[in-house]
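What follows is target_35.cif (mmCIF, C-alpha atoms).
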```cif
data_target
#
loop_
_atom_site.label_atom_id
_atom_site.label_comp_id
_atom_site.auth_asym_id
_atom_site.auth_seq_id
_atom_site.Cartn_x
_atom_site.Cartn_y
_atom_site.Cartn_z
CA MET A 217 33.96 106.62 133.75
CA LEU A 218 33.00 103.28 135.30
CA ASN A 219 32.43 101.77 131.85
CA ALA A 220 35.74 103.15 130.61
CA ILE A 221 37.64 101.60 133.55
CA LEU A 222 35.83 98.32 132.98
CA ILE A 223 36.72 98.27 129.28
CA LEU A 224 40.36 99.15 129.94
CA LEU A 225 40.79 96.45 132.58
CA GLY A 226 38.75 93.99 130.50
CA CYS A 227 41.08 94.47 127.51
CA GLN A 228 44.12 93.98 129.72
CA LEU A 229 42.62 90.88 131.35
CA ALA A 230 41.72 89.37 127.97
CA GLY A 231 45.22 90.23 126.74
CA GLU A 232 46.89 88.57 129.75
CA ALA A 233 44.71 85.47 129.41
CA THR A 234 45.39 85.17 125.67
CA ALA A 235 49.16 85.71 126.02
CA ARG A 236 49.37 83.16 128.84
CA SER A 237 47.20 80.48 127.25
CA LEU A 238 48.81 80.69 123.79
CA GLY A 239 52.33 81.15 125.20
CA LEU A 240 52.85 84.32 123.12
CA PRO A 241 56.11 86.26 123.66
CA LEU A 242 54.06 89.43 124.19
CA PRO A 243 52.98 91.10 127.43
CA GLY A 244 49.24 91.02 128.16
CA PRO A 245 48.82 94.82 128.13
CA VAL A 246 50.26 95.06 124.58
CA LEU A 247 47.70 92.49 123.39
CA GLY A 248 45.09 94.47 125.35
CA LEU A 249 46.12 97.54 123.35
CA VAL A 250 45.49 95.61 120.12
CA LEU A 251 42.07 94.48 121.43
CA LEU A 252 41.10 98.06 122.32
CA LEU A 253 42.18 99.20 118.84
CA ALA A 254 39.90 96.52 117.36
CA GLY A 255 37.14 97.83 119.63
CA PHE A 256 37.67 101.36 118.30
CA ALA A 257 37.33 100.06 114.74
CA LEU A 258 34.12 98.13 115.56
CA PHE A 259 32.33 100.68 117.78
CA PRO A 260 32.54 104.30 116.56
CA ALA A 261 31.33 105.68 119.93
CA LEU A 262 34.09 103.95 121.90
CA PRO A 263 36.96 106.47 121.43
CA ALA A 264 34.86 109.30 122.91
CA LEU A 265 33.90 107.09 125.86
CA MET A 266 37.53 106.17 126.58
CA ARG A 267 39.07 109.60 125.99
CA PRO A 268 38.79 111.19 129.49
CA LEU A 269 40.24 108.14 131.26
CA ALA A 270 42.90 107.35 128.65
CA SER A 271 44.16 110.93 128.36
CA GLY A 272 44.22 111.23 132.15
CA LEU A 273 46.34 108.08 132.49
CA LEU A 274 48.67 109.00 129.63
CA ALA A 275 49.16 112.60 130.75
CA HIS A 276 51.22 111.24 133.65
CA LEU A 277 52.62 108.09 132.11
CA SER A 278 56.11 108.97 133.43
CA LEU A 279 54.83 108.84 137.02
CA LEU A 280 53.98 105.16 136.62
CA PHE A 281 57.67 104.27 136.12
CA VAL A 282 58.76 105.82 139.43
CA PRO A 283 58.20 102.74 141.67
CA ALA A 284 60.22 100.52 139.31
CA GLY A 285 62.86 103.24 139.08
CA VAL A 286 63.21 103.35 142.87
CA GLY A 287 63.67 99.57 142.75
CA VAL A 288 66.65 100.09 140.44
CA ILE A 289 68.54 102.04 143.11
CA GLY A 290 68.68 98.98 145.38
CA HIS A 291 70.18 96.94 142.54
CA LEU A 292 72.74 99.43 141.26
CA ASP A 293 75.43 97.28 142.92
CA ARG A 294 74.40 94.61 140.41
CA LEU A 295 76.19 96.67 137.80
CA GLY A 296 79.31 95.91 139.86
CA GLY A 297 82.78 96.71 138.54
CA GLN A 298 81.35 96.72 135.02
CA GLY A 299 79.14 99.72 135.72
CA ALA A 300 81.03 102.21 133.56
CA VAL A 301 81.14 99.92 130.51
CA LEU A 302 77.45 99.02 130.96
CA LEU A 303 76.38 102.65 131.22
CA ALA A 304 78.45 103.59 128.16
CA ALA A 305 76.96 100.68 126.22
CA LEU A 306 73.44 101.73 127.29
CA VAL A 307 73.67 105.43 126.51
CA VAL A 308 75.62 105.12 123.24
CA SER A 309 73.48 102.28 121.89
CA THR A 310 70.24 104.06 122.82
CA GLY A 311 71.43 107.21 121.03
CA LEU A 312 72.48 105.21 117.97
CA ALA A 313 69.14 103.34 117.92
CA ILE A 314 67.13 106.57 118.10
CA ALA A 315 69.20 108.29 115.39
CA ALA A 316 69.30 105.26 113.06
CA GLY A 317 65.60 104.46 113.54
CA ALA A 318 64.47 108.02 112.84
CA LEU A 319 66.79 108.34 109.81
CA ALA A 320 65.52 105.01 108.43
CA PHE A 321 61.91 106.17 108.86
CA VAL A 322 62.59 109.43 107.01
CA ALA A 323 64.56 107.72 104.24
CA VAL A 324 61.83 105.15 103.54
CA SER A 325 59.04 107.73 103.82
CA ARG A 326 60.79 109.86 101.15
CA LEU A 327 60.89 106.81 98.89
CA THR A 328 57.28 105.73 99.45
CA GLU A 329 55.48 109.02 100.04
CA GLY A 330 57.54 111.44 97.97
CA PRO A 331 58.59 114.88 99.21
CA GLY A 332 55.93 117.23 100.58
CA SER A 333 53.41 114.46 101.19
CA PRO A 334 50.49 115.35 103.48
CA GLY A 335 51.71 112.89 106.09
CA ALA A 336 54.95 114.74 106.71
CA PRO A 337 54.47 117.29 109.51
CA ASP A 338 57.25 119.35 107.89
CA ASP A 339 54.59 121.44 106.17
CA ASP A 340 53.65 123.05 109.49
CA PRO A 341 56.72 124.99 110.58
CA ALA A 342 54.94 126.39 113.64
CA SER A 343 54.78 122.94 115.19
CA GLY A 344 58.39 122.11 114.35
CA PRO A 345 60.76 121.16 117.15
CA ALA A 346 62.88 124.24 116.44
CA SER A 347 60.07 126.49 117.63
CA GLY A 348 60.72 126.09 121.31
CA ALA A 349 62.61 124.39 124.11
CA ALA A 350 59.41 122.49 124.94
CA SER A 351 60.28 119.84 122.41
CA MET B 23 59.43 113.11 170.21
CA THR B 24 58.17 109.63 171.07
CA GLU B 25 54.83 110.69 169.66
CA PHE B 26 56.43 111.53 166.36
CA THR B 27 58.29 108.22 166.34
CA GLU B 28 55.06 106.36 167.08
CA ILE B 29 53.09 108.14 164.39
CA TRP B 30 55.94 107.64 161.95
CA SER B 31 56.28 103.94 162.63
CA TYR B 32 52.52 103.55 162.27
CA LEU B 33 52.37 105.43 158.97
CA ALA B 34 55.61 103.97 157.58
CA ARG B 35 54.10 100.50 157.76
CA GLY B 36 50.99 101.28 155.74
CA PRO B 37 50.66 102.02 152.04
CA LEU B 38 49.31 105.59 152.39
CA LEU B 39 52.60 107.27 153.31
CA TRP B 40 54.62 105.76 150.44
CA LEU B 41 51.88 106.24 147.89
CA THR B 42 51.71 109.92 148.87
CA ALA B 43 55.51 110.18 148.87
CA THR B 44 55.64 108.74 145.32
CA LEU B 45 53.12 111.28 144.04
CA ALA B 46 54.83 114.13 145.91
CA ALA B 47 58.29 113.21 144.61
CA TYR B 48 56.93 113.08 141.06
CA ALA B 49 55.12 116.42 141.53
CA LEU B 50 58.44 117.93 142.66
CA GLY B 51 60.23 116.36 139.69
CA ASP B 52 57.58 117.71 137.33
CA ALA B 53 57.83 121.17 138.93
CA ALA B 54 61.64 121.06 138.51
CA PHE B 55 61.14 120.01 134.86
CA ARG B 56 58.85 123.02 134.26
CA ALA B 57 61.08 125.41 136.21
CA ALA B 58 63.99 124.33 134.00
CA GLY B 59 62.04 125.36 130.90
CA ARG B 60 60.97 121.75 130.17
CA ARG B 61 64.53 120.78 129.31
CA PRO B 62 64.81 117.00 128.87
CA PHE B 63 67.82 116.51 131.16
CA VAL B 64 65.67 117.48 134.17
CA ASN B 65 63.73 114.25 133.73
CA PRO B 66 60.80 114.05 136.22
CA VAL B 67 61.22 110.26 136.65
CA LEU B 68 64.93 110.62 137.41
CA VAL B 69 64.33 113.47 139.90
CA ALA B 70 61.54 111.54 141.66
CA VAL B 71 63.60 108.34 141.82
CA ILE B 72 66.61 110.15 143.34
CA LEU B 73 64.41 111.96 145.90
CA LEU B 74 62.63 108.75 146.94
CA GLY B 75 65.90 106.81 147.01
CA LEU B 76 67.34 109.39 149.41
CA LEU B 77 64.19 109.31 151.55
CA LEU B 78 64.21 105.51 151.81
CA TRP B 79 67.91 105.54 152.65
CA LEU B 80 67.56 108.28 155.29
CA THR B 81 64.61 106.56 156.98
CA GLY B 82 66.05 103.06 156.63
CA THR B 83 62.92 101.88 154.83
CA PRO B 84 63.19 98.61 152.87
CA TYR B 85 62.04 98.68 149.24
CA ALA B 86 59.39 96.02 150.00
CA THR B 87 57.74 98.40 152.51
CA TYR B 88 57.92 101.27 150.04
CA PHE B 89 56.40 99.10 147.31
CA GLU B 90 53.38 98.29 149.51
CA GLY B 91 52.27 101.84 148.82
CA ALA B 92 53.88 102.39 145.43
CA GLN B 93 52.29 99.26 143.94
CA PHE B 94 49.07 101.18 143.30
CA VAL B 95 50.95 103.49 140.95
CA HIS B 96 52.98 100.61 139.48
CA PHE B 97 49.80 98.65 138.77
CA LEU B 98 48.52 101.41 136.48
CA LEU B 99 51.33 100.68 133.97
CA GLY B 100 49.25 97.85 132.49
CA PRO B 101 46.02 99.83 131.96
CA ALA B 102 48.09 102.81 130.70
CA THR B 103 49.71 100.56 128.09
CA VAL B 104 46.24 99.50 126.91
CA ALA B 105 45.23 103.18 126.86
CA LEU B 106 47.99 103.87 124.31
CA ALA B 107 45.46 102.51 121.82
CA LEU B 108 43.74 105.93 121.92
CA PRO B 109 46.59 108.15 120.56
CA LEU B 110 47.33 105.36 118.08
CA TRP B 111 43.71 105.31 116.93
CA GLU B 112 43.63 109.08 116.62
CA ALA B 113 46.79 109.03 114.49
CA ARG B 114 45.58 106.08 112.41
CA ALA B 115 45.53 108.07 109.15
CA HIS B 116 49.22 108.94 109.68
CA VAL B 117 50.03 105.36 110.64
CA ARG B 118 48.30 103.77 107.65
CA ARG B 119 50.17 106.03 105.21
CA ALA B 120 53.48 105.31 106.90
CA ALA B 121 53.36 101.51 107.24
CA LEU B 122 56.63 100.85 105.40
CA PRO B 123 58.63 103.67 107.07
CA VAL B 124 57.32 102.45 110.44
CA LEU B 125 58.52 98.89 109.84
CA ALA B 126 61.90 100.11 108.54
CA GLY B 127 62.35 102.47 111.50
CA VAL B 128 61.56 99.84 114.13
CA LEU B 129 63.72 97.19 112.46
CA VAL B 130 66.73 99.52 112.11
CA ALA B 131 66.35 100.94 115.65
CA SER B 132 66.02 97.45 117.13
CA VAL B 133 69.02 95.95 115.31
CA THR B 134 71.22 99.04 115.80
CA GLY B 135 70.42 99.33 119.49
CA THR B 136 71.00 95.67 120.31
CA ALA B 137 74.10 95.17 118.11
CA SER B 138 75.86 98.37 119.21
CA ALA B 139 75.20 97.67 122.90
CA LEU B 140 76.61 94.15 122.53
CA LEU B 141 79.61 95.41 120.53
CA ILE B 142 80.51 98.03 123.15
CA GLY B 143 79.92 95.49 125.93
CA ARG B 144 82.08 92.86 124.26
CA LEU B 145 84.92 95.35 123.64
CA GLY B 146 84.59 96.49 127.26
CA GLY B 147 85.04 92.92 128.46
CA LEU B 148 81.54 92.21 129.84
CA SER B 149 80.77 88.61 130.79
CA ASP B 150 78.40 86.51 128.70
CA LEU B 151 75.79 86.63 131.46
CA THR B 152 75.90 90.43 131.47
CA LEU B 153 75.73 90.59 127.66
CA ILE B 154 72.63 88.37 127.62
CA SER B 155 71.03 90.55 130.30
CA LEU B 156 71.91 93.69 128.32
CA ALA B 157 70.66 92.56 124.90
CA PRO B 158 66.87 93.06 125.36
CA LYS B 159 67.20 96.45 127.19
CA SER B 160 65.22 98.44 124.58
CA ALA B 161 62.11 96.27 124.85
CA THR B 162 59.31 97.07 127.29
CA ALA B 163 60.06 95.58 130.74
CA PRO B 164 57.89 92.42 130.74
CA VAL B 165 59.16 91.41 127.29
CA ALA B 166 62.80 92.21 128.14
CA LEU B 167 62.65 90.21 131.37
CA GLY B 168 61.09 87.25 129.55
CA ILE B 169 63.80 87.27 126.85
CA SER B 170 66.61 87.60 129.41
CA ASP B 171 65.21 84.74 131.46
CA ARG B 172 64.71 82.48 128.45
CA LEU B 173 68.25 83.02 127.14
CA GLY B 174 69.91 82.48 130.52
CA GLY B 175 70.52 86.10 131.57
CA SER B 176 69.74 87.75 134.90
CA PRO B 177 66.22 89.23 134.88
CA THR B 178 67.07 91.51 137.84
CA LEU B 179 70.03 93.03 135.99
CA THR B 180 67.87 93.32 132.86
CA ALA B 181 65.20 95.20 134.86
CA VAL B 182 67.82 97.72 136.00
CA LEU B 183 69.19 98.12 132.46
CA VAL B 184 65.70 98.50 130.94
CA ILE B 185 64.85 101.39 133.29
CA LEU B 186 68.23 103.09 132.73
CA THR B 187 67.78 102.73 128.95
CA GLY B 188 64.35 104.35 129.18
CA ILE B 189 65.62 107.30 131.19
CA SER B 190 68.66 107.84 128.97
CA GLY B 191 66.50 107.69 125.83
CA ALA B 192 64.04 110.21 127.29
CA ILE B 193 66.92 112.55 128.10
CA ILE B 194 68.98 112.36 124.90
CA ALA B 195 66.24 112.04 122.25
CA THR B 196 65.30 115.72 121.85
CA PRO B 197 68.82 117.23 121.64
CA LEU B 198 70.01 114.34 119.43
CA LEU B 199 67.10 114.54 116.96
CA ASN B 200 67.32 118.33 116.86
CA ALA B 201 71.05 118.08 116.07
CA LEU B 202 70.18 115.71 113.21
CA ARG B 203 67.58 118.26 112.00
CA LEU B 204 64.92 115.55 111.94
CA ARG B 205 61.62 117.40 112.16
CA ASP B 206 59.15 114.63 111.30
CA TRP B 207 57.17 113.95 114.52
CA ARG B 208 56.36 110.47 113.30
CA ALA B 209 60.04 109.54 112.85
CA ARG B 210 61.04 111.16 116.14
CA GLY B 211 58.34 109.41 118.16
CA LEU B 212 58.75 106.01 116.53
CA ALA B 213 62.51 105.92 117.12
CA VAL B 214 62.20 106.99 120.76
CA GLY B 215 59.53 104.38 121.48
CA ALA B 216 61.47 101.61 119.73
CA ALA B 217 64.76 102.48 121.49
CA SER B 218 63.53 103.37 124.97
CA HIS B 219 60.05 101.79 125.41
CA GLY B 220 57.52 103.29 127.86
CA ILE B 221 59.72 105.94 129.46
CA GLY B 222 60.66 107.22 125.99
CA THR B 223 56.97 107.06 125.01
CA ALA B 224 56.01 109.10 128.09
CA ARG B 225 58.56 111.71 127.01
CA ALA B 226 57.22 111.73 123.42
CA LEU B 227 53.64 112.22 124.69
CA GLN B 228 54.85 115.33 126.56
CA VAL B 229 56.23 116.74 123.32
CA HIS B 230 53.62 116.12 120.62
CA PRO B 231 50.52 113.88 120.24
CA VAL B 232 51.67 112.43 116.90
CA ALA B 233 55.12 111.70 118.34
CA GLY B 234 53.38 110.03 121.30
CA ALA B 235 51.21 107.84 119.05
CA PHE B 236 54.20 106.74 116.97
CA ALA B 237 56.26 106.14 120.12
CA GLY B 238 53.57 103.78 121.44
CA LEU B 239 53.60 102.05 118.05
CA GLY B 240 57.41 101.80 118.11
CA MET B 241 57.33 100.34 121.61
CA GLY B 242 54.68 97.75 120.69
CA LEU B 243 56.36 96.66 117.45
CA ASN B 244 59.77 96.53 119.12
CA ALA B 245 58.30 94.25 121.78
CA VAL B 246 57.35 91.82 119.00
CA GLY B 247 60.58 92.34 117.05
CA ALA B 248 62.88 91.98 120.06
CA ALA B 249 61.48 88.54 120.89
CA PHE B 250 62.77 87.31 117.50
CA LEU B 251 65.75 89.59 116.79
CA VAL B 252 67.54 89.63 120.17
CA PRO B 253 68.35 85.87 120.21
CA LEU B 254 69.64 86.09 116.61
CA ILE B 255 71.89 89.12 117.25
CA LEU B 256 73.10 87.70 120.55
CA TRP B 257 74.11 84.51 118.76
CA LEU B 258 76.56 86.58 116.65
CA PHE B 259 78.29 87.97 119.74
CA LEU B 260 78.57 84.96 122.04
#
```
Show the structure stored in the file as C-alpha cells.
Amino acid sequence: MLNAILILLGCQLAGEATARSLGLPLPGPVLGLVLLLAGFALFPALPALMRPLASGLLAHLSLLFVPAGVGVIGHLDRLGGQGAVLLAALVVSTGLAIAAGALAFVAVSRLTEGPGSPGAPDDDPASGPASGAAS
Amino acid sequence: MTEFTEIWSYLARGPLLWLTATLAAYALGDAAFRAAGRRPFVNPVLVAVILLGLLLWLTGTPYATYFEGAQFVHFLLGPATVALALPLWEARAHVRRAALPVLAGVLVASVTGTASALLIGRLGGLSDLTLISLAPKSATAPVALGISDRLGGSPTLTAVLVILTGISGAIIATPLLNALRLRDWRARGLAVGAASHGIGTARALQVHPVAGAFAGLGMGLNAVGAAFLVPLILWLFL
C-alpha cells in the first residue's frame, strides 16, 4: 500500500512539475495519469500493485467533488439575474454534447469496425443498460 | 448548554468536524441514491452538497472554516485522477480498437457542447464576460479555470459552472442515452466524460467499468481539446 501511494503521488508530482515547467495547458494530474499508463506498459507487475488503492479511490470518486460543490453554493449569487439563462444553457448544451458525442462514436465505430465487431458490447445483452435501473 | 456551545466552538474550528460532516453527508447521499433504486436524479454529490450547505448556513460557518476540514477530501481529486490510469489500462484492448471513434466522439461532444452553450447564452442576452466564463464548462476544473482566466473570463464563475455542468451531466446521461437506445458502453462513457468531466466520470464508474474507462479517456482528451477548441469557438460568438 505504501508503495502504491508513493507511486500515485510521484506520478502526480512529476506531472505537476512537467506541466508547470513546460507551460503545458494540461493539469498535472492528467499528465500524471499518462505517466502511470506508461508505467503500466513498462512494468507488468505494476497494475496489480496499484489495484487496491486505485479501485478504493475510484469507488468513491463522487465524494471528492463534494467540497468544491459546497463552495459553489456560496457563489450562486454570481449567476445573478442571468441564472435562468445560464442554467438552461448548461443543461441543454450538456445533453446535446452527450447525445452528439455518443452518436458520433457509434457512427464512426460502425464505419471502422463493422457491425458485430468484438469491441461492441452489444453482443452481451445481459450487460445492456436496458437490463436494470442501475444503469 | 454553555458546555455544548464550548465544545461546539472548539470542534467547529478544527478540521475533524467538517471532514467527518463531509463524509457523513456523502454517506447519506449515497444511502438516498441506493434507497431510490440507484436512480440518477438522486445524485449523491448533489444531496451531500445541499445537506452541507444547509448545515453551514444554519451554524453560520464560513466556507473557509469548512474547507479546513474538507480540504483532505478535496486533495484526493489529484491522486484519483492519476488513478484513472488503471481502468484505462484494463480497457486498453477496447481503447486501441476504437481510436478513431474515440477521437470523433470527443471532438463532436466538445464542439457541440461549447457551441450550443454559447448560442443559447448569446440568444439569452448573456454578457461577453459571462459567455467567456461559460465556454470551457465541460473541461475538468483546473483546465477550465485556466482557459477562462487566459481569455478574460471570471474563473470563480467558471468554477461554479463547471461543477453544475458535471452534476447535470451525471443526472441526465442515463435517461438520455437510454432514450436514444445507445447501448455501447464505450460510446456512453466517452460522451459523459467529454461533456461533464470528473463528476460524469464518477457516475460512469458507478454504472460499468468499460463506461468508466472511456469516461476517463473522454475527460482527459477533452481537457486537451478544450484548450485549443474553446478559444476558436468563442471567437465565432464574440
Picked residues, the PyMOL selection byres ((chain B and resi 121) around 12), expected as number ranges by chain: A: 321, 324-325, 328-329, 335; B: 114-120, 122-128, 208-209, 212, 236, 239-240, 243
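Excluding A:Gly285 itself and same-chain residues fewer than 2 positions from it, the residues having an atom within 9 Å of it are A:Phe281, A:Val282, A:Pro283, A:Gly287, A:Val288, A:Ile289, B:Val67, B:Leu68, B:Ala70, B:Val71, B:Ile72, B:Val182, B:Ile185, B:Leu186, counting all atoms listed in the file.
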Grab the atom CA of B:Ala166 to atom CA of B:Ala249 distance for me, in Å with one decimal place. 8.2 Å
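Distance annotation: of A:Asn219, A:Ser309, A:Gly255, A:Pro268, the residue with the minimal separation from chain B is A:Ser309; atom set is all atoms listed in the file.
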Would you list the contacts of A:Gly244 as a count of residues only, taking every protein, DNA or RNA residue within 12 Å and counting all atoms listed in the file, but skipping same-chain residues closer than 3 positions in sequence? 32
So, counting only C-alpha atoms, which residue among B:Thr152, B:Thr83, B:Gln228, B:Asn200 is closest to A:Ala318? B:Asn200
Selected by the PyMOL selection byres ((chain A and resi 276) around 10) in the shown coordinates: which residues, as a PyMOL selection string? (chain A and resi 271-275+277-281) or (chain B and resi 48+52+102+224-225+227-228)
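For the pair atom CA of A:Arg267 and atom CA of B:Pro37, the interatomic distance is 29.5 Å.
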Give the answer as one residue: which of B:Gly238, B:Gly135, B:Pro109, B:Pro158 has the shortest atom-to-atom distance to chain A, using only C-alpha atoms? B:Gly135
So how far away is atom CA of B:Gly174 from atom CA of B:Leu151, in Å?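 Value for the atom CA of B:Leu151-atom CA of B:Gly174 distance: 7.3 Å.
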Of B:Ala54, B:Leu167, B:Ile193, B:Val214, the one nearest to chain A when counting all atoms listed in the file is B:Val214
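The residues caught by the PyMOL selection byres ((chain A and resi 311) around 8) in this file are Val307, Val308, Ser309, Thr310, Leu312, Ala313, Ile314 and Ala315 of chain A; Gly191, Ile194, Ala195 and Leu198 of chain B.
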For a quick check of understanding, using all atoms listed in the file, which of A:Gly296, A:Leu269, A:Gly330, A:Gly317 has the smallest distance to chain B? A:Gly317
Padded axis-aligned box of stretch 168-183 of chain B (5 Å per side), centre and edge lengths, Å, one decimal, as lines of an AutoDock Vina configuration file:
```
center_x = 65.8
center_y = 90.3
center_z = 132.3
size_x = 19.4
size_y = 25.6
size_z = 21.0
```
Taking 6 positions as the minimum chain separation for residues in the same chain, which residues sit within 12 Å of B:Arg35 when counting only C-alpha atoms? Answer as an NGL selection string. :B and (28-29 or 41 or 83-91)
Shortest interatomic distance to chain A - which of B:Ala46, B:Ala237, B:Val229, B:Ile154, counting only C-alpha atoms: B:Val229
Skip B:Met241 itself and residues of its chain fewer than 6 positions away, then list as an NGL selection string all residues within 9 Å of it, counting all atoms listed in the file. :B and (128 or 160-162 or 212-220 or 222-223)
